Amino acid sequence: MLLSNGEDQTQLLPSETETQVSNSDSVEGLLPVSKVYTDVAVVPEQQNNEIQHLISNLQREVEELRLKQRVVDGKRRQALSKILDIKGSIRVFCRIRPNLSKEKRRNYEPVSAESERVRVKFGGTRKEFAFDKVFHQDTTQESVFVEVEPTLRSAMDGHNVCVFAYGQIGTGKTFTMDGTNEQLGIIPRAIEELFRQASMDASSSFTFSMSMLEVYMGHVRDLLSPRQSCRTHEPLTKCNLNIQTDPKGLVEIEGLSEVQISESAKARWWYNKGKRFRSTSWTNVNQASSRSHCLTRINIFRRGDSSEAKSETSKLWMVDLGGSERLLKTGARGLTLDEGCAINLSLSALADVLVALKRKRCHVPYKNSKLTQLLRDSLGMILLSSLNCKYNQLLCRKND
């Protein structure tokens, strides 16, 4: 660049686009070394237009792929809904518990099972019961979960889902739902599966929250409360949560703890914390008999990737019901006897609700039990067959 210094002399100044001679780079006796400065931010106009064109094409292809993904996802949801409707919105499984070491061995087997039928011999009589599937004594926890897994996808698609474990005391309901560290049950497996499916779903984003509660002696207790305010000497009314139903029929539980779960490990930690506070007691049938109905609720929040997409909320209930009891078998007395009576009454109320739904009665007696009040917005047309024998039933319900 040429500048005038006032004496009509010119001076050459270096610029970023010109060559300058660097005195510092010169060595005595050698020629000076020159450097070339180039502005790398400057892109030729033609090349810039080509880049913008490529970006525009890629954005258009991404949007087309997202649209195709939404169409495929919609078809998948419809197909899954049809499959579940064909199989039945309510599916009843039967799992036969193996004989325990303390139980007497008999020369004959009172229960014979096929893939969908169970025959029971008792007192000279023989009865036959039909189920959607029968799990034999050697069935693994994984095999049981495989049958439940499709309902989890249904819950993520926006439906309310209930999974029950029902049966007599000592039939292995808690083992089926919870399991052990070596043999995980339905609940810990379901938690892992929800996060796995959420990570693989490219058309929607998911967030989850979790609550745990128990219905004990007709009262609702929060199992994830920051501090356990209930003590044995305090009246149960102090631990009783209030159940509300809004005009749309959605159930809300006032004061119930709801924790956000961002990963399966965190969800498992909260679940293990909650189940430690569940009420248990010793009976003749079970050394750690569940004295309440334990309910685990996972709220699923789903939002599509399109700008017009609306967020959807659904509930997944996983319920380990208290076992139906007979006083002659359990030998319960005092408080344990009262707990057993409360469990039987709530199970009877649940059966009344299911019968009313099945027969499409105008009045459904939800208010007869806290258990049915809690599950009111997640129960629908249900067909349930109950069987009192030494095995438990697994009930899966998808509510449309």
# chains A, B, ... in the order shown; residues from 1 in each chain; ligands from 1
>>> residues_around(residues="Thr140 in chain A", least_positions_apart="5", cutoff="9 Å", atoms="only C-alpha atoms", output="number ranges by chain")
A: 135, 145, 183
>>> residues_around(residues="Met217 in chain A", least_positions_apart="2", cutoff="9 Å", atoms="only C-alpha atoms", output="PyMOL selection string")
chain A and resi 215+219-220+236+291-292+338-343
>>> closest_residue(among="A:Gly172, A:Pro365, A:Gly218, A:Gly123", to="His293 in chain A", atoms="only C-alpha atoms")
A:Gly218
>>> atom_distance(atom1="CA of Lys315 in chain A", atom2="CA of Ser378 in chain A")
7.6 Å
>>> select_by_dssp(residues="range 95-212 of chain A", states="strand (DSSP E)", output="JSON, numbers by chain")
{"A": [95, 96, 111, 112, 113, 117, 118, 119, 120, 121, 122, 125, 126, 127, 128, 129, 130, 133, 134, 135, 160, 161, 162, 163, 164, 165, 166, 167, 204, 205, 206, 207, 208, 209, 210, 211, 212]}
>>> closest_residue(among="A:Leu224, A:Val92, A:Leu379, A:Leu374", to="Lys358 in chain A", atoms="only C-alpha atoms")
A:Leu379
>>> select_by_dssp(residues="range 182-291 of chain A", states="helix (DSSP H, G or I)", output="PyMOL selection string")
chain A and resi 186-200+236-239+264-275
>>> residues_around(residues="range 66-72 of chain A", least_positions_apart="6", cutoff="9 Å", atoms="only C-alpha atoms", output="NGL selection string")
:A and (202-204 or 304-306)
>>> residues_around(residues="Arg302 in chain A", least_positions_apart="4", cutoff="7 Å", atoms="only C-alpha atoms", output="list in words")
Ser204, Ser205, Phe206, Thr207, Ser311, Glu312 and Thr313 of chain A
>>> closest_residue(among="A:Ser290, A:Asp132, A:Leu194, A:Cys94", to="Ser154 in chain A", atoms="only C-alpha atoms")
A:Leu194
>>> closest_residue(among="A:Asp178, A:Glu116, A:Asp352, A:Asp320", to="Ile191 in chain A", atoms="only C-alpha atoms")
A:Asp178
>>> atom_distance(atom1="CA of Ile96 in chain A", atom2="CA of Thr139 in chain A")
8.7 Å
>>> atom_distance(atom1="CA of Thr174 in chain A", atom2="CA of Asp138 in chain A")
17.1 Å
>>> closest_residue(among="A:Ala155, A:Ile253, A:Val118, A:Met212", to="Ser314 in chain A", atoms="only C-alpha atoms")
A:Ala155
